$ cat structure.cif   # mmCIF, C-alpha atoms
data_data
#
loop_
_atom_site.label_atom_id
_atom_site.label_comp_id
_atom_site.auth_asym_id
_atom_site.auth_seq_id
_atom_site.Cartn_x
_atom_site.Cartn_y
_atom_site.Cartn_z
CA MET A 1 -95.11 155.89 131.40
CA ILE A 2 -96.59 159.33 130.86
CA ARG A 3 -99.96 157.92 131.85
CA ASN A 4 -98.59 156.66 135.16
CA LEU A 5 -96.89 160.00 135.78
CA ALA A 6 -100.09 161.84 135.01
CA LYS A 7 -101.98 159.68 137.50
CA ARG A 8 -99.55 160.43 140.27
CA CYS A 9 -99.34 164.13 139.52
CA SER A 10 -103.14 164.47 139.24
CA MET A 11 -102.85 165.61 135.65
CA ILE A 12 -104.85 164.40 132.72
CA TYR A 13 -103.21 162.60 129.84
CA ASN A 14 -105.51 163.00 126.89
CA GLY A 15 -103.75 160.50 124.70
CA LEU A 16 -102.27 163.01 122.26
CA GLY A 17 -99.13 163.83 124.16
CA SER A 18 -100.42 166.99 125.85
CA ILE A 19 -101.12 167.13 129.57
CA VAL A 20 -103.79 169.28 131.15
CA VAL A 21 -103.40 170.15 134.83
CA THR A 22 -106.39 169.59 137.13
CA PRO A 23 -106.86 170.90 140.68
CA SER A 24 -105.09 168.98 143.43
CA ILE A 25 -108.37 168.65 145.35
CA LEU A 26 -108.79 165.44 143.39
CA ALA A 27 -105.60 163.86 144.78
CA PRO A 28 -107.27 161.97 147.67
CA ARG A 29 -109.77 160.44 145.24
CA MET A 30 -106.98 158.88 143.21
CA ILE A 31 -106.46 156.31 145.97
CA SER A 32 -107.85 152.91 145.15
CA THR A 33 -111.47 152.50 146.20
CA SER A 34 -110.98 148.79 146.78
CA VAL A 35 -109.07 149.65 149.96
CA PRO A 36 -111.72 150.12 152.66
CA THR A 37 -109.50 151.77 155.27
CA LEU A 38 -108.84 155.51 155.26
CA MET A 39 -105.76 157.38 156.36
CA PRO A 40 -106.13 159.46 159.57
CA TYR A 41 -106.14 162.70 157.61
CA GLU A 42 -108.85 161.55 155.21
CA HIS A 43 -112.61 161.56 155.57
CA GLN A 44 -114.99 159.31 153.71
CA ARG A 45 -116.09 160.90 150.47
CA GLY A 46 -119.20 160.07 148.61
CA PRO A 47 -122.84 159.47 149.50
CA LYS A 48 -123.60 159.02 153.20
CA ASP A 49 -127.34 158.38 153.21
CA TRP A 50 -127.34 154.93 151.68
CA PRO A 51 -125.26 153.11 154.35
CA ARG A 52 -127.34 154.87 157.07
CA TYR A 53 -130.29 152.63 156.18
CA ASN A 54 -128.31 149.73 157.66
CA LYS A 55 -128.17 151.48 161.04
CA LYS A 56 -131.90 152.18 161.19
CA ILE A 57 -133.60 150.57 164.16
CA PHE A 58 -137.25 149.67 163.78
CA PRO A 59 -139.76 149.53 166.68
CA PRO A 60 -140.83 146.07 167.81
CA GLN A 61 -143.52 144.54 165.64
CA GLU A 62 -146.99 143.78 166.92
CA ILE A 63 -148.24 140.24 167.33
CA GLY A 64 -149.78 139.01 164.15
CA GLU A 65 -147.96 141.54 162.00
CA LYS A 66 -146.18 140.22 158.98
CA PRO A 67 -142.47 139.84 159.83
CA ARG A 68 -140.32 142.53 158.32
CA PRO A 69 -137.69 140.92 156.06
CA ALA A 70 -134.04 141.60 156.80
CA TYR A 71 -132.19 143.79 154.32
CA VAL A 72 -128.72 145.13 153.70
CA CYS A 73 -127.73 148.28 151.83
CA HIS A 74 -124.34 148.34 150.22
CA MET A 75 -122.56 150.54 147.72
CA LYS A 76 -119.31 151.12 145.89
CA CYS A 77 -118.24 154.70 145.26
CA ASP A 78 -116.25 156.34 142.54
CA ILE A 79 -116.18 153.52 140.05
CA LYS A 80 -114.40 154.60 136.88
CA TYR A 81 -117.41 153.98 134.66
CA SER A 82 -120.11 156.14 133.20
CA PRO A 83 -123.32 156.21 135.26
CA ASP A 84 -125.42 155.98 132.07
CA LYS A 85 -123.63 152.77 131.09
CA MET A 86 -123.81 151.41 134.63
CA TRP A 87 -127.58 151.94 134.57
CA TRP A 88 -128.04 149.16 131.97
CA VAL A 89 -126.27 146.64 134.21
CA ALA A 90 -128.15 147.82 137.31
CA CYS A 91 -131.46 147.38 135.47
CA LEU A 92 -130.67 143.79 134.51
CA VAL A 93 -130.16 142.67 138.08
CA ARG A 94 -133.29 144.17 139.64
CA GLY A 95 -135.72 141.70 141.17
CA MET A 96 -133.43 138.67 140.72
CA PRO A 97 -132.34 136.28 143.46
CA VAL A 98 -128.69 136.92 144.35
CA ASP A 99 -127.40 133.64 142.92
CA GLU A 100 -129.16 134.29 139.62
CA ALA A 101 -127.90 137.88 139.56
CA VAL A 102 -124.28 136.82 140.10
CA LYS A 103 -124.63 134.06 137.49
CA GLN A 104 -126.05 136.44 134.84
CA LEU A 105 -123.41 139.08 135.55
CA CYS A 106 -120.67 136.57 134.71
CA TYR A 107 -121.92 136.60 131.13
CA VAL A 108 -122.46 140.34 130.69
CA LYS A 109 -119.61 141.72 128.61
CA ARG A 110 -119.43 145.14 130.20
CA LYS A 111 -116.92 146.74 132.51
CA GLY A 112 -119.61 147.65 135.06
CA ALA A 113 -120.77 144.06 135.37
CA GLY A 114 -117.61 143.12 137.27
CA TYR A 115 -118.13 145.90 139.80
CA VAL A 116 -121.83 145.12 140.30
CA LYS A 117 -121.01 141.44 140.87
CA GLN A 118 -118.37 142.37 143.44
CA VAL A 119 -120.79 144.67 145.30
CA ILE A 120 -123.55 142.05 145.38
CA LEU A 121 -121.21 139.36 146.72
CA GLU A 122 -119.94 141.76 149.39
CA ALA A 123 -123.50 142.68 150.32
CA GLN A 124 -124.41 138.99 150.59
CA ALA A 125 -121.50 138.40 153.01
CA LEU A 126 -122.45 141.48 155.05
CA ALA A 127 -126.06 140.34 155.29
CA VAL A 128 -125.08 136.99 156.78
CA ARG A 129 -122.48 138.45 159.13
CA ASP A 130 -124.15 141.65 160.38
CA HIS A 131 -127.82 141.68 159.41
CA ASN A 132 -129.15 138.45 160.83
CA VAL A 133 -129.76 136.70 157.52
CA GLU A 134 -129.84 132.95 157.95
CA PHE A 135 -129.26 131.66 154.43
CA LYS A 136 -127.11 133.59 152.00
CA SER A 137 -129.09 132.27 149.03
CA ASN A 138 -132.39 133.46 150.49
CA LEU A 139 -131.75 137.02 149.28
CA TRP A 140 -133.01 138.97 146.29
CA VAL A 141 -132.01 142.27 144.74
CA ALA A 142 -134.65 144.72 145.93
CA GLU A 143 -132.94 147.89 144.73
CA SER A 144 -130.15 148.37 142.25
CA PHE A 145 -129.18 151.72 140.79
CA ALA A 146 -126.28 154.01 139.97
CA SER A 147 -125.63 157.70 140.39
CA LYS A 148 -123.08 160.19 139.16
CA GLY A 149 -119.70 160.32 140.84
CA TYR A 150 -117.06 162.96 140.31
CA VAL A 151 -116.24 164.00 136.77
CA VAL A 152 -112.77 165.05 135.68
CA LYS A 153 -112.85 167.34 132.69
CA GLY A 154 -110.13 167.57 130.12
CA VAL A 155 -109.61 169.05 126.69
CA ARG A 156 -108.65 167.42 123.45
CA ARG A 157 -107.74 168.79 120.07
CA HIS A 158 -109.65 168.44 116.85
CA ALA A 159 -108.78 169.53 113.34
CA ARG A 160 -109.20 173.12 112.20
CA LYS A 161 -108.46 174.87 115.51
CA ARG A 162 -111.41 173.19 117.22
CA PHE A 163 -111.39 171.76 120.72
CA GLY A 164 -113.50 169.16 122.40
CA LEU A 165 -114.42 168.56 126.03
CA VAL A 166 -113.39 165.18 127.41
CA GLU A 167 -115.16 163.87 130.50
CA TYR A 168 -113.74 161.13 132.70
CA LYS A 169 -116.87 160.01 134.48
CA HIS A 170 -117.23 158.07 137.68
CA CYS A 171 -120.30 156.57 139.27
CA HIS A 172 -121.53 155.13 142.54
CA TYR A 173 -123.40 151.85 142.52
CA TYR A 174 -125.97 151.03 145.20
CA VAL A 175 -127.67 147.74 145.97
CA ARG A 176 -130.19 146.62 148.56
CA LEU A 177 -130.62 142.92 149.19
CA GLU A 178 -133.73 141.72 150.98
CA GLU A 179 -134.34 138.39 152.61
CA GLY A 180 -136.93 136.03 151.21
CA PRO A 181 -138.11 134.87 147.80
CA PRO A 182 -138.26 137.52 145.07
CA PRO A 183 -141.61 138.77 143.76
CA GLU A 184 -142.94 137.25 140.55
CA ASN A 185 -142.79 140.57 138.74
CA TYR A 186 -140.50 143.35 139.86
CA TYR A 187 -142.23 145.73 137.48
CA LEU A 188 -145.82 145.52 136.34
CA PRO A 189 -146.05 142.96 133.56
CA ASN A 190 -146.41 144.33 130.05
CA GLN A 191 -149.37 142.21 129.19
CA PRO A 192 -151.11 139.40 131.03
CA ASP A 193 -150.29 135.95 129.76
CA GLY A 194 -152.60 133.73 127.69
CA PRO A 195 -154.33 131.78 130.45
CA THR A 196 -155.13 135.02 132.36
CA LEU A 197 -156.62 136.63 129.27
CA LEU A 198 -158.67 133.51 128.57
CA GLN A 199 -160.03 133.47 132.13
CA ARG A 200 -161.01 137.12 131.89
CA TRP A 201 -162.84 136.46 128.64
CA ILE A 202 -164.69 133.53 130.11
CA GLU A 203 -165.75 135.56 133.16
CA GLY A 204 -166.88 138.35 130.88
CA ARG A 205 -169.03 135.97 128.91
CA ARG A 206 -170.53 134.54 132.10
CA GLN A 207 -171.56 137.98 133.28
CA LEU A 208 -173.73 138.53 130.22
CA ARG A 209 -177.45 138.76 130.96
CA VAL A 210 -180.48 138.88 128.77
CA ALA A 211 -182.01 142.37 128.86
CA GLY A 212 -185.54 142.58 130.14
CA ALA A 213 -185.62 139.03 131.51
CA LEU A 214 -187.53 138.24 134.64
CA MET B 1 -141.23 184.37 85.44
CA MET B 2 -141.71 184.86 81.68
CA GLU B 3 -139.70 188.06 81.75
CA GLY B 4 -136.82 186.25 83.41
CA LEU B 5 -136.97 183.51 80.82
CA ALA B 6 -136.85 186.01 78.00
CA ARG B 7 -133.92 187.73 79.62
CA LEU B 8 -132.09 184.44 79.93
CA VAL B 9 -132.64 183.51 76.30
CA ARG B 10 -131.34 186.90 75.14
CA TYR B 11 -128.32 186.58 77.48
CA SER B 12 -127.45 183.14 76.29
CA LEU B 13 -127.70 184.13 72.66
CA ASN B 14 -125.39 187.04 73.21
CA THR B 15 -122.68 185.12 75.08
CA SER B 16 -119.54 183.84 73.46
CA ILE B 17 -120.37 180.22 74.17
CA ARG B 18 -122.19 179.86 70.80
CA GLY B 19 -125.63 180.14 72.31
CA LEU B 20 -125.22 176.98 74.34
CA ILE B 21 -128.00 176.83 76.87
CA ARG B 22 -127.55 174.47 79.74
CA TRP B 23 -130.73 172.69 80.69
CA THR B 24 -130.21 173.68 84.29
CA ASP B 25 -130.45 177.32 83.42
CA ILE B 26 -133.89 177.12 81.93
CA LEU B 27 -135.13 175.02 84.84
CA ILE B 28 -138.15 176.79 86.27
CA LEU B 29 -137.84 176.76 90.02
CA PRO B 30 -140.62 177.62 92.45
CA ARG B 31 -140.19 180.73 94.56
CA GLY B 32 -138.18 180.11 97.73
CA PHE B 33 -136.60 176.88 96.50
CA PRO B 34 -132.81 176.93 97.04
CA ASP B 35 -130.84 176.99 93.85
CA TYR B 36 -128.69 173.84 93.62
CA THR B 37 -128.31 174.01 89.84
CA ARG B 38 -124.79 175.39 90.19
CA ALA B 39 -123.61 172.01 91.49
CA LEU B 40 -125.07 170.19 88.46
CA VAL B 41 -123.04 172.16 85.92
CA PRO B 42 -119.52 170.79 85.30
CA ALA B 43 -116.60 173.18 85.34
CA ALA B 44 -115.47 172.55 81.77
CA VAL B 45 -117.88 171.43 79.07
CA HIS B 46 -116.41 169.69 76.05
CA GLY B 47 -113.13 171.47 76.34
CA PHE B 48 -114.68 174.93 76.59
CA PRO B 49 -113.39 177.09 79.45
CA SER B 50 -115.59 177.12 82.52
CA HIS B 51 -118.05 179.91 82.14
CA HIS B 52 -120.59 180.72 84.71
CA LEU B 53 -124.02 181.05 83.22
CA PRO B 54 -126.28 182.90 85.60
CA SER B 55 -129.25 180.94 86.82
CA LEU B 56 -132.83 182.09 86.58
CA ARG B 57 -132.93 183.08 90.24
CA GLU B 58 -129.86 185.26 89.83
CA LEU B 59 -131.30 187.15 86.92
CA GLU B 60 -134.49 187.79 88.81
CA ASP B 61 -132.90 188.84 92.06
CA ASN B 62 -129.83 190.38 90.47
CA ASP B 63 -127.65 190.13 93.54
CA ASP B 64 -124.51 188.30 94.61
CA VAL B 65 -125.35 184.92 96.12
CA GLU B 66 -121.85 183.96 97.28
CA GLY B 67 -121.00 184.56 100.95
CA ASP B 68 -117.92 186.09 102.50
CA GLU B 69 -114.67 184.33 101.83
CA ASP B 70 -112.07 183.65 104.53
CA GLU B 71 -108.37 184.19 104.20
CA ASP B 72 -107.94 180.53 103.27
CA GLY B 73 -110.29 180.97 100.39
CA THR B 74 -113.05 178.92 102.04
CA THR B 75 -116.52 180.26 102.61
CA ASP B 76 -117.94 180.69 106.08
CA PRO B 77 -120.44 177.84 106.53
CA LYS B 78 -122.78 179.95 108.64
CA SER B 79 -123.45 182.36 105.78
CA TRP B 80 -124.67 179.62 103.42
CA SER B 81 -128.39 179.81 103.23
CA GLY B 82 -130.57 176.85 102.64
CA ILE B 83 -128.00 174.25 103.66
CA LEU B 84 -129.40 171.76 106.15
CA TRP B 85 -127.06 170.87 109.00
CA GLY B 86 -127.32 167.71 111.12
CA VAL B 87 -129.47 169.24 113.80
CA PRO B 88 -132.76 168.09 115.36
CA LYS B 89 -135.79 169.86 113.99
CA LYS B 90 -138.09 169.06 116.90
CA ARG B 91 -137.54 167.75 120.39
CA THR B 92 -138.11 164.01 120.63
CA SER B 93 -141.41 163.22 122.25
CA GLN B 94 -141.54 161.45 125.58
CA MET B 95 -143.01 158.40 123.89
CA LYS B 96 -140.08 158.08 121.48
CA ARG B 97 -137.53 158.73 124.19
CA LEU B 98 -138.99 156.10 126.49
CA ARG B 99 -139.37 153.59 123.70
CA ARG B 100 -135.72 153.99 122.70
CA LYS B 101 -134.66 153.57 126.32
CA PHE B 102 -136.98 150.78 127.43
CA GLY B 103 -138.12 149.21 124.19
CA HIS B 104 -141.58 147.98 123.34
CA GLN B 105 -143.21 144.65 124.06
CA ASP B 106 -143.91 144.11 120.36
CA TYR B 107 -140.32 144.88 119.36
CA GLN B 108 -138.28 143.01 121.92
CA ALA B 109 -135.47 142.31 119.43
CA GLN B 110 -134.71 146.05 119.29
CA CYS B 111 -135.02 146.54 123.04
CA PRO B 112 -131.74 147.99 124.33
CA LEU B 113 -132.23 146.69 127.88
CA LEU B 114 -129.91 143.86 128.87
CA LYS B 115 -131.78 140.57 128.87
CA PRO B 116 -130.88 137.64 131.11
CA LYS B 117 -129.42 134.66 129.28
CA THR B 118 -131.49 131.50 129.16
CA ASN B 119 -128.78 129.25 127.69
CA LEU B 120 -126.78 128.77 130.90
CA ARG B 121 -126.25 125.20 132.04
CA ILE B 122 -124.52 123.48 134.94
CA CYS B 123 -121.40 121.46 134.18
CA ASP B 124 -121.67 117.79 135.20
CA THR B 125 -117.96 117.56 135.93
CA CYS B 126 -117.31 120.57 138.14
CA GLY B 127 -120.75 122.01 138.99
CA HIS B 128 -120.03 125.52 137.72
CA HIS B 129 -122.14 127.35 135.19
CA TYR B 130 -121.30 127.52 131.53
CA GLU B 131 -122.91 128.81 128.37
CA ALA B 132 -124.59 126.17 126.20
CA PHE B 133 -122.45 124.95 123.29
CA HIS B 134 -119.39 126.58 124.87
CA LEU B 135 -116.67 125.08 127.03
CA CYS B 136 -117.09 125.18 130.78
CA GLY B 137 -114.77 127.96 131.92
CA ASN B 138 -113.90 126.33 135.22
CA CYS B 139 -113.01 122.99 133.61
CA TYR B 140 -110.96 124.74 130.96
CA ASP B 141 -109.04 126.68 133.63
CA ARG B 142 -108.31 123.49 135.58
CA ILE B 143 -107.02 121.66 132.54
CA SER B 144 -105.05 124.61 131.17
CA LYS B 145 -103.20 124.94 134.50
CA GLU B 146 -102.05 121.34 134.22
CA THR B 147 -101.09 121.60 130.55
CA LYS B 148 -99.20 124.82 131.26
CA LEU B 149 -96.99 122.95 133.74
CA ILE B 150 -96.43 120.17 131.19
CA ARG B 151 -95.59 122.66 128.43
CA GLU B 152 -93.15 124.57 130.67
CA GLN B 153 -91.28 121.38 131.52
CA ALA B 154 -91.29 120.24 127.89
CA ASP B 155 -89.89 123.61 126.77
CA THR B 156 -87.00 123.37 129.25
CA LYS B 157 -86.25 119.77 128.24
CA PHE B 158 -86.32 120.43 124.49
CA GLY B 159 -84.51 123.72 124.92
CA HIS B 160 -83.71 125.43 121.62
CA GLY B 161 -83.55 122.16 119.77
CA PRO B 162 -86.25 120.62 117.61
CA HIS B 163 -89.29 119.01 119.18
CA ASP B 164 -88.51 115.62 117.69
CA LYS B 165 -89.37 113.28 120.53
CA ASP B 166 -92.67 112.18 121.99
CA ILE B 167 -93.65 113.52 125.39
CA VAL B 168 -94.58 111.03 128.07
CA VAL B 169 -96.14 112.41 131.25
CA LEU B 170 -95.74 110.26 134.32
CA TYR B 171 -97.41 110.81 137.67
CA GLU B 172 -96.49 109.20 140.92
CA SER B 173 -95.99 105.41 140.93
CA GLU B 174 -96.06 105.17 137.14
CA LYS B 175 -93.38 103.49 135.17
CA HIS B 176 -92.19 103.78 131.63
CA ASP B 177 -90.18 101.58 129.30
CA ALA B 178 -86.65 103.09 129.27
CA LYS B 179 -85.87 101.64 125.82
CA GLU B 180 -88.12 104.09 124.00
CA ASN B 181 -86.57 107.42 123.12
CA ASN B 182 -89.03 109.85 124.71
CA ILE B 183 -89.02 113.00 126.77
CA LEU B 184 -90.10 112.16 130.29
CA ILE B 185 -92.03 114.67 132.33
CA GLU B 186 -92.61 113.50 135.86
CA PHE B 187 -94.87 114.91 138.53
CA PRO B 188 -94.81 113.64 142.10
CA LYS B 189 -98.55 114.14 142.52
CA PRO B 190 -101.33 111.64 141.71
CA ARG B 191 -102.73 111.53 138.20
CA PRO B 192 -105.67 113.96 137.77
CA SER B 193 -108.99 112.38 136.87
CA PHE B 194 -109.36 114.28 133.59
CA PHE B 195 -105.94 113.20 132.26
CA SER B 196 -106.27 109.61 131.17
CA ALA B 197 -103.08 107.72 130.23
CA ASN B 198 -104.58 106.96 126.81
CA LEU B 199 -104.88 110.63 125.83
CA LEU B 200 -101.23 110.94 124.78
CA GLN B 201 -101.47 107.80 122.67
CA ARG B 202 -101.17 108.87 119.04
CA SER B 203 -103.58 106.36 117.65
CA THR B 204 -105.46 103.25 118.68
CA LEU B 205 -103.80 101.55 115.72
CA GLY B 206 -100.23 100.38 116.22
CA ILE B 207 -97.38 100.33 113.72
CA ASN B 208 -96.65 97.10 111.89
CA PRO B 209 -92.84 96.92 111.50
CA ASP B 210 -93.22 94.58 108.49
CA ALA B 211 -95.43 97.03 106.61
CA LYS B 212 -93.90 98.73 103.57
CA SER B 213 -96.47 101.51 103.42
CA LEU B 214 -98.46 103.43 105.99
CA THR B 215 -101.88 102.55 104.63
CA PRO B 216 -104.62 101.90 107.23
CA GLN B 217 -104.55 98.22 106.28
CA ALA B 218 -100.85 98.03 107.13
CA LEU B 219 -101.42 99.30 110.69
CA LYS B 220 -102.64 96.95 113.35
CA PRO B 221 -104.75 97.79 116.40
CA ILE B 222 -103.26 97.95 119.89
CA VAL B 223 -105.02 95.38 122.02
CA VAL B 224 -104.85 96.10 125.73
CA ASP B 225 -104.62 92.85 127.65
CA THR B 226 -106.79 93.38 130.69
CA LYS B 227 -106.37 89.81 131.91
CA LYS B 228 -102.77 90.45 132.91
CA GLU B 229 -103.92 93.22 135.32
#

$ encode --input "structure.cif" --output "structure tokens"
Amino acid sequence: MIRNLAKRCSMIYNGLGSIVVTPSILAPRMISTSVPTLMPYEHQRGPKDWPRYNKKIFPPQEIGEKPRPAYVCHMKCDIKYSPDKMWWVACLVRGMPVDEAVKQLCYVKRKGAGYVKQVILEAQALAVRDHNVEFKSNLWVAESFASKGYVVKGVRRHARKRFGLVEYKHCHYYVRLEEGPPPENYYLPNQPDGPTLLQRWIEGRRQLRVAGAL
Amino acid sequence: MMEGLARLVRYSLNTSIRGLIRWTDILILPRGFPDYTRALVPAAVHGFPSHHLPSLRELEDNDDVEGDEDEDGTTDPKSWSGILWGVPKKRTSQMKRLRRKFGHQDYQAQCPLLKPKTNLRICDTCGHHYEAFHLCGNCYDRISKETKLIREQADTKFGHGPHDKDIVVLYESEKHDAKENNILIEFPKPRPSFFSANLLQRSTLGINPDAKSLTPQALKPIVVDTKKE
């Protein structure tokens, strides 16, 4: 009950019965981020640059130029999760086809995995509806990362007249889906595989020459 | 060093503890080494009152080692010299930092990055994904919804009484022999494909009314006559 009260009154309940007051500037942020619509007196908070990529208009391509694949940029702001923890989940999904990404996220036992899955599914729907993507499965995760959202700071007690800082961290999660098949390696491979190494060795041996021969 | 030793021997001989020399007190310590010998000496030795024998370092330096005491009687930790606190000695190198974050190709078991699971299969029944050697989550949800309805109805029918009767679940256009004393749960919908009528059968072996014991030999199998259908 105290926790619910604290939420409404924009105060922090630090779990030990004491309440620390925080500035009321945070009150608008306490509204659920799953609701897309804003009240007339509110303005959209959070990063603005990422969704602008969706509005970018490219010049017409020349004949013979490789067709530019369609993409969609989507994000979710102010997720109640640490950005450092969200980073692990964002890293997993990079370079995967969307279906594979959603499938893998179902089996990741982390709070951020649910949010990332939701964002990817939303982005997939947006791509088909607004960004001229023909097949919803023909998408892959080109970019996936998280950044720091707002941080609410509180205080907690320790033994022996000591105090500790408590941080309630939030993060933003960004994803860019691109049309087409994913690349074989999103990052450079650690080491070439066996057959490649063997081929290199064979070619090296073939390049050997006898010194001083005619 | 030899002077200090001689001083110690004279001191110990002159004390009222019958010339008892603790081995820690004649321990020759190198210069600059912190003196931990105090901790090794027990407070009371063989019933004698605790008596502080000065260590070699003390006799040489001849100064008070103890720090300032607080009102509580505890010593200020910051004044202790030579105590190592849990603090990094050197900044971690970039190599170590990156290896802890991203792992190494030769030590993939310790790599902290999340790895995609390779043991995911597709369920033949419903087409959803499931983890190998685990139940399909979608199938389990479907079946648990049905069993929840059955259990709710059974609870209302049994009430607070004992669950002493068998439950028989009937779907639309199914009949049951009224002579048997069972709890009937009826649903107006068609029977789901996963819920075979045989599942609620206790055993494939029937009960022989002439049997005097319930040994397996006494029971007889139920033979379903398909020719009648």

$ residues_around --input "structure.cif" --residues "segment 105-116 of chain A" --least-positions-apart "4" --cutoff "9 Å" --atoms "only C-alpha atoms" --output "ChimeraX atom specification"
/A:76,79-82,85-86,89-90,92-93,100-101,120-121,173-175 /B:114,116-117,131

$ residues_near_point --input "structure.cif" --point "(-124.0, 124.3, 125.0)" --cutoff "9 Å" --atoms "only C-alpha atoms" --output "PyMOL selection string"
chain B and resi 119-121+130-135

$ closest_atom_pairs --input "structure.cif" --of "chain A" --to "chain B" --cutoff "7 Å" --atoms "all atoms listed in the file" --output "tab-separated table"
residue	atom	partner	partner_atom	distance
A:Trp88	CA	B:Leu113	CA	6.4
A:Leu92	CA	B:Leu114	CA	5.7
A:Gln104	CA	B:Pro116	CA	6.2
A:Asn190	CA	B:Gln105	CA	6.8

$ atom_distance --input "structure.cif" --atom1 "atom CA of Gly180 of chain A" --atom2 "atom CA of Phe135 of chain A"
9.4 Å

$ closest_residue --input "structure.cif" --among "A:Asp130, A:Asp78, A:Glu203, A:Glu143" --to "Trp50 of chain A" --atoms "all atoms listed in the file"
A:Glu143

$ atom_distance --input "structure.cif" --atom1 "atom CA of Lys117 of chain A" --atom2 "atom CA of Val141 of chain A"
11.7 Å

$ resolve_selection --input "structure.cif" --expression "the PyMOL selection byres ((chain B and resi 167) around 12)" --output "PyMOL selection string"
chain B and resi 150-151+153-155+157-158+163-166+168-170+176+180-186+199-202

$ atom_distance --input "structure.cif" --atom1 "atom CA of Arg100 of chain B" --atom2 "atom CA of Cys91 of chain A"
15.0 Å
